[in-house]
file query11.tsv (TSV, C-alpha atoms)
chain	number	residue	atom	x	y	z
A	258	MET	CA	-11.66	-42.25	117.29
A	259	LYS	CA	-8.97	-44.44	118.79
A	260	GLU	CA	-11.42	-47.25	119.51
A	261	LYS	CA	-11.28	-48.07	115.79
A	262	LEU	CA	-7.55	-48.54	116.03
A	263	ASP	CA	-8.01	-50.65	119.12
A	264	PHE	CA	-10.33	-52.85	117.05
A	265	TYR	CA	-7.46	-53.54	114.63
A	266	LEU	CA	-5.03	-54.21	117.42
A	267	ARG	CA	-7.47	-56.71	118.93
A	268	ARG	CA	-8.13	-58.34	115.58
A	269	PHE	CA	-4.54	-58.80	114.50
A	270	THR	CA	-2.61	-59.19	117.76
A	271	THR	CA	-2.90	-60.87	121.13
A	272	LEU	CA	-1.53	-57.87	123.02
A	273	GLU	CA	-2.70	-57.21	126.59
A	274	ASP	CA	-4.88	-54.17	127.37
A	275	ASP	CA	-2.02	-52.09	128.76
A	276	ARG	CA	0.25	-52.81	125.79
A	277	ARG	CA	-2.50	-51.80	123.38
A	278	ALA	CA	-3.12	-48.64	125.37
A	279	ALA	CA	0.60	-47.80	125.22
A	280	ILE	CA	0.61	-48.17	121.42
A	281	LEU	CA	-2.52	-46.07	121.00
A	282	LYS	CA	-0.95	-43.35	123.12
A	283	GLU	CA	2.02	-43.17	120.72
A	284	LEU	CA	-0.10	-42.78	117.58
A	285	THR	CA	-0.85	-39.35	116.20
A	286	VAL	CA	-4.50	-38.71	115.32
A	287	ARG	CA	-5.21	-35.35	113.68
A	288	PRO	CA	-8.12	-33.52	112.06
A	289	TYR	CA	-7.60	-32.01	108.59
A	290	GLU	CA	-9.80	-29.55	106.76
A	291	LYS	CA	-11.34	-30.29	103.40
A	292	GLY	CA	-8.92	-29.20	100.68
A	293	THR	CA	-5.73	-29.84	102.67
A	294	LEU	CA	-2.90	-31.05	100.45
A	295	LEU	CA	-1.17	-33.83	102.40
A	296	VAL	CA	1.37	-34.91	99.78
A	297	ARG	CA	2.46	-32.99	96.69
A	298	GLN	CA	3.34	-34.96	93.52
A	299	GLY	CA	7.13	-35.22	93.20
A	300	GLU	CA	7.71	-34.57	96.91
A	301	ARG	CA	9.93	-37.00	98.85
A	302	THR	CA	7.93	-38.17	101.84
A	303	SER	CA	7.73	-41.10	104.20
A	304	ALA	CA	4.36	-40.07	105.62
A	305	CYS	CA	1.45	-42.48	105.60
A	306	TYR	CA	-2.16	-41.98	106.57
A	307	PHE	CA	-4.93	-44.16	107.87
A	308	VAL	CA	-8.44	-42.76	107.41
A	309	LEU	CA	-10.61	-42.81	110.54
A	310	ALA	CA	-13.18	-40.44	109.01
A	311	GLY	CA	-13.39	-38.57	105.73
A	312	CYS	CA	-12.13	-39.12	102.20
A	313	LEU	CA	-8.76	-38.63	100.52
A	314	ARG	CA	-8.17	-38.34	96.78
A	315	GLN	CA	-4.99	-39.49	95.03
A	316	TYR	CA	-4.25	-37.80	91.71
A	317	ALA	CA	-1.45	-37.03	89.30
A	318	VAL	CA	-0.95	-34.41	86.60
A	319	ASP	CA	0.61	-35.82	83.43
A	320	GLU	CA	3.19	-34.20	81.13
A	321	GLU	CA	0.42	-32.54	79.11
A	322	GLY	CA	-1.12	-30.97	82.20
A	323	HIS	CA	-4.10	-33.32	82.46
A	324	GLU	CA	-5.18	-34.41	85.92
A	325	HIS	CA	-5.95	-38.10	86.58
A	326	THR	CA	-7.59	-39.39	89.75
A	327	SER	CA	-6.20	-42.80	90.66
A	328	GLY	CA	-7.68	-43.47	94.07
A	329	PHE	CA	-10.15	-42.54	96.78
A	330	TYR	CA	-9.42	-43.60	100.36
A	331	THR	CA	-12.25	-43.68	102.86
A	332	GLU	CA	-12.83	-45.02	106.38
A	333	ASP	CA	-10.44	-47.85	107.39
A	334	GLN	CA	-8.20	-47.49	104.36
A	335	ALA	CA	-4.53	-46.60	104.36
A	336	ALA	CA	-2.88	-44.22	101.91
A	337	ALA	CA	0.85	-44.14	101.49
A	338	GLY	CA	3.43	-43.89	98.80
A	339	PHE	CA	4.88	-47.32	99.55
A	340	LYS	CA	8.34	-46.89	98.25
A	341	ARG	CA	11.12	-49.09	97.00
A	342	TYR	CA	13.77	-49.65	99.62
A	343	GLY	CA	16.98	-47.88	98.76
A	344	VAL	CA	15.35	-45.85	95.99
A	345	ASP	CA	14.84	-42.19	96.74
A	346	GLU	CA	12.15	-41.04	94.37
A	347	GLY	CA	9.37	-38.50	94.75
A	348	SER	CA	5.71	-39.36	95.22
A	349	PRO	CA	4.07	-40.32	91.89
A	350	TRP	CA	0.88	-38.59	93.01
A	351	SER	CA	-0.66	-35.91	95.20
A	352	LEU	CA	-2.94	-36.68	98.12
A	353	VAL	CA	-5.68	-34.22	99.12
A	354	CYS	CA	-8.61	-34.20	101.57
A	355	VAL	CA	-11.90	-34.28	99.64
A	356	GLU	CA	-13.81	-33.90	102.92
A	357	ASP	CA	-12.93	-32.83	106.46
A	358	CYS	CA	-10.88	-35.77	107.69
A	359	THR	CA	-9.63	-37.44	110.86
A	360	LEU	CA	-6.43	-39.31	110.08
A	361	VAL	CA	-3.81	-41.38	111.84
A	362	VAL	CA	-0.51	-39.92	110.69
A	363	GLY	CA	2.41	-42.29	110.50
A	364	ASP	CA	5.99	-42.10	109.34
A	365	LEU	CA	7.34	-45.09	107.43
A	366	ALA	CA	10.87	-43.98	108.34
A	367	ALA	CA	10.11	-44.21	112.05
A	368	GLU	CA	8.28	-47.53	111.97
A	369	ARG	CA	11.39	-49.60	112.79
A	370	GLU	CA	11.54	-48.04	116.23
A	371	MET	CA	7.86	-48.81	116.87
A	372	PHE	CA	8.29	-52.40	115.67
A	373	ASP	CA	11.31	-52.96	117.90
A	374	LYS	CA	9.36	-51.74	120.89
A	375	HIS	CA	6.15	-53.65	120.09
A	376	SER	CA	7.11	-56.76	118.11
A	377	GLN	CA	3.54	-57.89	117.40
A	378	LEU	CA	2.93	-54.62	115.57
A	379	GLU	CA	5.13	-55.67	112.66
A	380	SER	CA	3.16	-58.86	112.27
A	381	MET	CA	-0.07	-56.86	112.28
A	382	VAL	CA	1.22	-54.39	109.70
A	383	ARG	CA	2.39	-57.24	107.46
A	384	ARG	CA	-1.05	-58.83	107.48
A	385	MET	CA	-2.78	-55.50	106.88
A	386	VAL	CA	-0.42	-54.73	103.98
A	387	GLU	CA	-1.07	-58.19	102.49
A	388	GLU	CA	-4.83	-57.64	102.72
A	389	TYR	CA	-4.39	-54.25	101.14
A	390	LEU	CA	-2.24	-55.71	98.36
A	391	GLY	CA	-4.88	-58.35	97.68
A	392	ARG	CA	-7.51	-55.62	97.34
A	393	VAL	CA	-5.39	-53.52	94.97
A	394	GLN	CA	-4.59	-56.62	92.88
A	395	ARG	CA	-8.26	-57.55	92.60
A	396	GLU	CA	-9.30	-53.96	91.80
A	397	PHE	CA	-6.59	-53.66	89.16
A	398	ALA	CA	-7.53	-56.95	87.49
A	399	ALA	CA	-11.23	-56.01	87.55
A	400	PHE	CA	-10.55	-52.50	86.24
A	401	ALA	CA	-8.37	-53.70	83.37
A	402	CYS	CA	-10.99	-56.02	81.93
A	403	ALA	CA	-14.13	-53.99	82.58
A	404	THR	CA	-15.98	-51.49	80.44
A	405	PRO	CA	-16.54	-48.02	81.96
A	406	GLU	CA	-20.17	-49.00	82.71
A	407	GLN	CA	-19.09	-52.21	84.47
A	408	ARG	CA	-16.56	-50.18	86.48
A	409	TYR	CA	-19.31	-47.85	87.65
A	410	ARG	CA	-21.55	-50.76	88.69
A	411	THR	CA	-18.65	-52.39	90.54
A	412	LEU	CA	-17.97	-49.14	92.36
A	413	LEU	CA	-21.60	-48.87	93.47
A	414	ARG	CA	-21.48	-52.43	94.78
A	415	GLU	CA	-17.99	-52.51	96.33
A	416	ARG	CA	-17.80	-48.97	97.70
A	417	PRO	CA	-21.34	-47.95	98.61
A	418	GLY	CA	-21.75	-44.24	99.22
A	419	LEU	CA	-18.51	-43.16	97.57
A	420	ALA	CA	-20.19	-41.96	94.36
A	421	GLU	CA	-22.22	-39.42	96.39
A	422	ARG	CA	-19.23	-38.13	98.37
A	423	VAL	CA	-16.88	-36.94	95.62
A	424	PRO	CA	-17.11	-34.44	92.75
A	425	GLN	CA	-18.44	-36.14	89.63
A	426	HIS	CA	-15.62	-35.06	87.30
A	427	GLN	CA	-13.11	-36.65	89.69
A	428	LEU	CA	-15.19	-39.81	89.88
A	429	ALA	CA	-15.32	-39.93	86.06
A	430	SER	CA	-11.53	-39.58	85.89
A	431	TYR	CA	-11.14	-42.40	88.44
A	432	LEU	CA	-13.39	-44.63	86.32
A	433	GLY	CA	-11.50	-43.77	83.14
A	434	MET	CA	-14.31	-41.92	81.37
A	435	THR	CA	-15.49	-38.40	80.56
A	436	PRO	CA	-17.95	-36.63	82.89
A	437	GLU	CA	-20.51	-36.78	80.03
A	438	SER	CA	-20.20	-40.58	79.77
A	439	LEU	CA	-20.59	-40.93	83.53
A	440	SER	CA	-23.71	-38.79	83.43
A	441	ARG	CA	-25.22	-40.98	80.66
A	442	ILE	CA	-24.33	-44.21	82.46
A	443	LYS	CA	-25.86	-42.95	85.72
A	444	LYS	CA	-29.14	-42.20	83.95
A	445	ARG	CA	-29.18	-45.67	82.39
A	446	THR	CA	-28.40	-47.29	85.76
A	447	ILE	CA	-31.34	-45.55	87.45
A	448	LEU	CA	-33.71	-46.74	84.72
A	449	THR	CA	-32.69	-50.40	84.82
B	46	MET	CA	19.06	-71.04	91.77
B	47	LYS	CA	19.08	-70.61	95.52
B	48	GLU	CA	21.82	-67.96	95.37
B	49	LYS	CA	19.13	-65.54	94.19
B	50	LEU	CA	17.14	-66.21	97.33
B	51	ASP	CA	20.25	-65.80	99.41
B	52	PHE	CA	20.64	-62.37	97.80
B	53	TYR	CA	17.24	-61.37	99.18
B	54	LEU	CA	18.01	-62.77	102.61
B	55	ARG	CA	21.25	-60.77	102.66
B	56	ARG	CA	19.53	-57.62	101.45
B	57	PHE	CA	16.63	-57.65	103.88
B	58	THR	CA	17.99	-59.39	106.98
B	59	THR	CA	21.11	-59.49	109.10
B	60	LEU	CA	20.98	-63.27	109.54
B	61	GLU	CA	24.22	-65.23	109.95
B	62	ASP	CA	25.40	-67.59	107.17
B	63	ASP	CA	24.21	-70.75	108.93
B	64	ARG	CA	20.75	-69.30	109.65
B	65	ARG	CA	20.36	-68.28	106.01
B	66	ALA	CA	21.49	-71.74	104.89
B	67	ALA	CA	18.91	-73.32	107.21
B	68	ILE	CA	16.12	-71.20	105.70
B	69	LEU	CA	17.20	-71.94	102.13
B	70	LYS	CA	17.17	-75.65	102.95
B	71	GLU	CA	13.52	-75.42	104.01
B	72	LEU	CA	12.36	-73.70	100.83
B	73	THR	CA	10.93	-75.73	97.96
B	74	VAL	CA	12.32	-74.91	94.51
B	75	ARG	CA	10.71	-76.76	91.61
B	76	PRO	CA	10.81	-76.76	87.81
B	77	TYR	CA	7.49	-76.51	85.93
B	78	GLU	CA	6.87	-77.14	82.24
B	79	LYS	CA	5.43	-74.50	79.96
B	80	GLY	CA	1.65	-74.77	80.01
B	81	THR	CA	1.37	-75.99	83.62
B	82	LEU	CA	-1.74	-74.64	85.35
B	83	LEU	CA	-0.64	-73.68	88.87
B	84	VAL	CA	-3.90	-72.18	90.14
B	85	ARG	CA	-7.36	-72.59	88.65
B	86	GLN	CA	-9.82	-69.65	88.84
B	87	GLY	CA	-12.30	-70.27	91.67
B	88	GLU	CA	-10.03	-72.74	93.46
B	89	ARG	CA	-9.29	-72.20	97.17
B	90	THR	CA	-5.54	-72.14	97.57
B	91	SER	CA	-2.92	-70.74	99.90
B	92	ALA	CA	-0.05	-71.42	97.49
B	93	CYS	CA	2.28	-68.63	96.48
B	94	TYR	CA	5.09	-68.58	93.95
B	95	PHE	CA	8.30	-66.65	93.50
B	96	VAL	CA	9.74	-66.70	89.99
B	97	LEU	CA	13.44	-67.61	89.78
B	98	ALA	CA	13.28	-68.19	86.02
B	99	GLY	CA	10.45	-68.16	83.48
B	100	CYS	CA	7.16	-66.32	83.12
B	101	LEU	CA	3.71	-66.80	84.65
B	102	ARG	CA	0.46	-65.40	83.29
B	103	GLN	CA	-2.51	-64.42	85.45
B	104	TYR	CA	-5.90	-64.44	83.71
B	105	ALA	CA	-9.60	-64.67	84.37
B	106	VAL	CA	-12.58	-65.69	82.27
B	107	ASP	CA	-15.58	-63.40	82.68
B	108	GLU	CA	-19.28	-64.30	82.81
B	109	GLU	CA	-19.53	-64.03	79.03
B	110	GLY	CA	-16.64	-66.44	78.49
B	111	HIS	CA	-14.06	-63.82	77.51
B	112	GLU	CA	-10.52	-64.29	78.79
B	113	HIS	CA	-8.66	-61.31	80.27
B	114	THR	CA	-4.95	-61.32	81.09
B	115	SER	CA	-4.29	-59.25	84.20
B	116	GLY	CA	-0.63	-59.93	84.93
B	117	PHE	CA	2.69	-61.38	83.84
B	118	TYR	CA	5.21	-62.39	86.51
B	119	THR	CA	8.85	-62.78	85.54
B	120	GLU	CA	12.19	-63.17	87.34
B	121	ASP	CA	12.20	-61.90	90.96
B	122	GLN	CA	8.46	-61.34	91.09
B	123	ALA	CA	5.99	-63.03	93.41
B	124	ALA	CA	2.57	-64.27	92.40
B	125	ALA	CA	-0.04	-65.10	94.98
B	126	GLY	CA	-3.71	-64.68	95.60
B	127	PHE	CA	-3.18	-62.55	98.68
B	128	LYS	CA	-6.37	-63.13	100.50
B	129	ARG	CA	-8.44	-61.43	103.08
B	130	TYR	CA	-7.94	-62.88	106.53
B	131	GLY	CA	-10.94	-64.78	107.69
B	132	VAL	CA	-12.57	-64.75	104.25
B	133	ASP	CA	-12.58	-68.06	102.44
B	134	GLU	CA	-13.03	-67.20	98.80
B	135	GLY	CA	-11.68	-68.82	95.67
B	136	SER	CA	-8.90	-67.38	93.53
B	137	PRO	CA	-10.18	-64.57	91.28
B	138	TRP	CA	-7.82	-65.74	88.52
B	139	SER	CA	-5.89	-68.63	87.05
B	140	LEU	CA	-2.11	-68.79	87.02
B	141	VAL	CA	-0.29	-70.63	84.22
B	142	CYS	CA	3.34	-71.06	83.10
B	143	VAL	CA	3.90	-69.22	79.80
B	144	GLU	CA	7.45	-70.62	79.65
B	145	ASP	CA	9.32	-73.43	81.37
B	146	CYS	CA	9.73	-72.08	84.89
B	147	THR	CA	11.77	-72.51	88.05
B	148	LEU	CA	9.70	-71.40	91.02
B	149	VAL	CA	9.94	-71.18	94.78
B	150	VAL	CA	6.70	-72.70	96.01
B	151	GLY	CA	5.35	-71.40	99.28
B	152	ASP	CA	2.26	-71.91	101.37
B	153	LEU	CA	0.71	-68.84	102.98
B	154	ALA	CA	-1.02	-71.11	105.49
B	155	ALA	CA	2.31	-72.50	106.73
B	156	GLU	CA	4.16	-69.18	106.92
B	157	ARG	CA	3.39	-68.63	110.62
B	158	GLU	CA	5.51	-71.63	111.53
B	159	MET	CA	8.43	-70.36	109.42
B	160	PHE	CA	8.12	-66.88	110.94
B	161	ASP	CA	8.10	-68.24	114.47
B	162	LYS	CA	11.26	-70.21	113.77
B	163	HIS	CA	13.07	-67.39	111.93
B	164	SER	CA	11.77	-64.09	113.26
B	165	GLN	CA	13.67	-61.88	110.80
B	166	LEU	CA	11.86	-63.59	107.93
B	167	GLU	CA	8.59	-61.89	108.80
B	168	SER	CA	10.30	-58.52	108.67
B	169	MET	CA	11.77	-59.38	105.27
B	170	VAL	CA	8.42	-60.55	103.89
B	171	ARG	CA	6.75	-57.38	105.16
B	172	ARG	CA	9.25	-55.19	103.33
B	173	MET	CA	9.01	-57.25	100.15
B	174	VAL	CA	5.21	-57.11	100.27
B	175	GLU	CA	5.35	-53.32	100.77
B	176	GLU	CA	7.66	-52.95	97.77
B	177	TYR	CA	5.35	-55.15	95.76
B	178	LEU	CA	2.31	-53.14	96.84
B	179	GLY	CA	4.08	-49.93	95.80
B	180	ARG	CA	4.73	-51.38	92.37
B	181	VAL	CA	1.13	-52.56	91.90
B	182	GLN	CA	-0.16	-49.15	93.06
B	183	ARG	CA	2.07	-47.29	90.61
B	184	GLU	CA	1.20	-49.65	87.74
B	185	PHE	CA	-2.51	-49.33	88.47
B	186	ALA	CA	-2.35	-45.53	88.60
B	187	ALA	CA	-0.32	-45.41	85.38
B	188	PHE	CA	-2.60	-47.91	83.62
B	189	ALA	CA	-5.77	-46.07	84.57
B	190	CYS	CA	-4.69	-42.76	83.08
B	191	ALA	CA	-2.80	-43.96	80.01
B	192	THR	CA	-3.93	-44.55	76.45
B	193	PRO	CA	-3.27	-48.05	75.03
B	194	GLU	CA	-0.27	-46.67	73.10
B	195	GLN	CA	1.19	-45.10	76.26
B	196	ARG	CA	0.68	-48.40	78.08
B	197	TYR	CA	2.67	-50.21	75.41
B	198	ARG	CA	5.53	-47.70	75.60
B	199	THR	CA	5.57	-47.93	79.40
B	200	LEU	CA	5.73	-51.72	79.16
B	201	LEU	CA	8.71	-51.54	76.78
B	202	ARG	CA	10.49	-49.21	79.20
B	203	GLU	CA	9.56	-50.78	82.54
B	204	ARG	CA	9.62	-54.45	81.60
B	205	PRO	CA	12.20	-54.85	78.85
B	206	GLY	CA	12.02	-58.16	76.99
B	207	LEU	CA	8.53	-59.09	78.19
B	208	ALA	CA	6.82	-58.13	74.90
B	209	GLU	CA	8.96	-60.71	73.06
B	210	ARG	CA	8.32	-63.50	75.57
B	211	VAL	CA	4.54	-63.80	75.56
B	212	PRO	CA	1.90	-64.47	72.88
B	213	GLN	CA	0.76	-61.22	71.30
B	214	HIS	CA	-2.98	-61.74	71.86
B	215	GLN	CA	-2.31	-62.19	75.59
B	216	LEU	CA	-0.13	-59.09	75.62
B	217	ALA	CA	-2.90	-57.14	73.87
B	218	SER	CA	-5.42	-58.32	76.48
B	219	TYR	CA	-3.05	-57.26	79.28
B	220	LEU	CA	-2.73	-53.80	77.71
B	221	GLY	CA	-6.50	-53.49	77.30
B	222	MET	CA	-6.59	-53.46	73.50
B	223	THR	CA	-7.34	-55.73	70.54
B	224	PRO	CA	-4.50	-57.71	68.88
B	225	GLU	CA	-5.07	-55.56	65.76
B	226	SER	CA	-4.55	-52.32	67.71
B	227	LEU	CA	-1.38	-53.73	69.28
B	228	SER	CA	-0.06	-54.67	65.85
B	229	ARG	CA	-0.71	-51.12	64.52
B	230	ILE	CA	0.90	-49.50	67.58
B	231	LYS	CA	3.99	-51.72	67.28
B	232	LYS	CA	4.44	-50.66	63.64
B	233	ARG	CA	4.14	-46.99	64.59
B	234	THR	CA	6.60	-47.43	67.47
B	235	ILE	CA	9.23	-48.93	65.18
B	236	LEU	CA	8.88	-46.02	62.74
B	237	THR	CA	9.22	-43.27	65.35

call {"tool": "encode", "arguments": {"input": "query11.tsv", "output": "structure tokens"}}
result
Amino acid sequence: MKEKLDFYLRRFTTLEDDRRAAILKELTVRPYEKGTLLVRQGERTSACYFVLAGCLRQYAVDEEGHEHTSGFYTEDQAAAGFKRYGVDEGSPWSLVCVEDCTLVVGDLAAEREMFDKHSQLESMVRRMVEEYLGRVQREFAAFACATPEQRYRTLLRERPGLAERVPQHQLASYLGMTPESLSRIKKRTILT
Amino acid sequence: MKEKLDFYLRRFTTLEDDRRAAILKELTVRPYEKGTLLVRQGERTSACYFVLAGCLRQYAVDEEGHEHTSGFYTEDQAAAGFKRYGVDEGSPWSLVCVEDCTLVVGDLAAEREMFDKHSQLESMVRRMVEEYLGRVQREFAAFACATPEQRYRTLLRERPGLAERVPQHQLASYLGMTPESLSRIKKRTILT
């Protein structure tokens, strides 16, 4: 699994083979079973995860007890409660494994030490975070001005395979619609 | 206006006074008149902006000619089309001054040079981008699971003053509702 990480190191840095190997050795890669709760809503955590295989779901329960799915993270995506510096607040959401997963487990609190040791790493993380931000910005803008049906079509196009990997009521919640609406839209999409 | 930037440099770096002064000297701060189009949808640009005073609006026109407002940037917020490395695509949205503005104008393509000269700057930008990403993630998650009325109340709480600064039809578009719905919700909010 670490060859994927090596791909990122090669793409974003000019580190020599032995330096890359040293970094890979320091990273923690762990398997998690389907259903594992990685982060609990309200919990203070500095953990972050990078998905090598599997699927994570991000969700929150509102004041009235309703659950809302706000993200699915699959291969090559990072999930973290990026926090405000100096503000000590709990995670706004929970993070759970929808499938058996293999994850890189990081600790945002310990990153300074890693960056001091391997200076090119910080540059790599900055560029990855900027890419990630660009994606979230584009998804947000697209979500806000799309109808539920357009959102479903965008999901099929932008994240092929995801719709088959997650429970349909969670997918409906993520798309901002009821499971019944999703079912109707799926039937229409097959016909057209 | 540059004292605000100095505040950020002090907060996120341990640079000496003369180093901070040298960085501030290199930054471009410019006034822009209300109505100025900074970025046109579809245009390839590496410009980025940091708002010292004023308000920017981010919007896109869809295939059917409908305009959708997807963001407002006010004091201390950054607006940029953070792009994917190696992908040369046009901006997914336009960026326009809703008020007279004072902006720091940056160029993502030229940042490498700045970072090489002032190494702590890259660390600062990384932390600011992570904070920004955290905010976008939280806003997206909150938007996706809120009703239009809840979105309006969140906006009043999280971004005080914004509702009075921008045209109401653009605010309605940003909140994902019609101007008529916004008007009804505002009346109800005053009464309760």

call {"tool": "interface_residues", "arguments": {"input": "query11.tsv", "of": "chain A", "to": "chain B", "cutoff": "10 Å", "atoms": "only C-alpha atoms", "output": "PyMOL selection string"}}
result
chain A and resi 269+315-319+323-328+337-342+348-350+369+372+376+379-403+430-434

call {"tool": "atom_distance", "arguments": {"input": "query11.tsv", "atom1": "atom CA of A:Arg277", "atom2": "atom CA of A:Lys259"}}
result
10.8 Å

call {"tool": "atom_distance", "arguments": {"input": "query11.tsv", "atom1": "atom CA of B:Leu216", "atom2": "atom CA of A:Pro405"}}
result
20.8 Å

call {"tool": "closest_residue", "arguments": {"input": "query11.tsv", "among": "B:Asp121, B:Glu134, B:Asp63, B:Glu194", "to": "B:Lys231", "atoms": "only C-alpha atoms"}}
result
B:Glu194

call {"tool": "closest_residue", "arguments": {"input": "query11.tsv", "among": "A:Arg408, A:Arg314, A:Arg276, A:His375", "to": "A:Arg297", "atoms": "all atoms listed in the file"}}
result
A:Arg314

call {"tool": "atom_distance", "arguments": {"input": "query11.tsv", "atom1": "atom CA of A:Glu321", "atom2": "atom CA of B:Thr192"}}
result
13.0 Å

call {"tool": "axis_aligned_box", "arguments": {"input": "query11.tsv", "around": "stretch 397-414 of chain A", "padding_each_side": "3 Å", "output": "JSON"}}
result
{"center_x": -14.1, "center_y": -52.4, "center_z": 87.6, "size_x": 21.0, "size_y": 15.1, "size_z": 20.3}

call {"tool": "closest_residue", "arguments": {"input": "query11.tsv", "among": "A:Leu294, A:Leu352, A:Thr435, A:Leu378", "to": "A:Arg268", "atoms": "only C-alpha atoms"}}
result
A:Leu378

call {"tool": "closest_residue", "arguments": {"input": "query11.tsv", "among": "B:Val84, B:Tyr94, B:Arg210, B:Ser228", "to": "B:Leu148", "atoms": "all atoms listed in the file"}}
result
B:Tyr94

call {"tool": "residues_around", "arguments": {"input": "query11.tsv", "residues": "B:Cys93", "least_positions_apart": "2", "cutoff": "8 Å", "atoms": "only C-alpha atoms", "output": "VMD selection string"}}
result
chain B and resid 91 95 123 to 126 150 to 153

call {"tool": "residues_around", "arguments": {"input": "query11.tsv", "residues": "A:Gly311", "least_positions_apart": "4", "cutoff": "8 Å", "atoms": "all atoms listed in the file", "output": "list in words"}}
result
Thr331, Glu332, Cys354, Val355, Glu356, Asp357, Cys358 and Thr359 of chain A
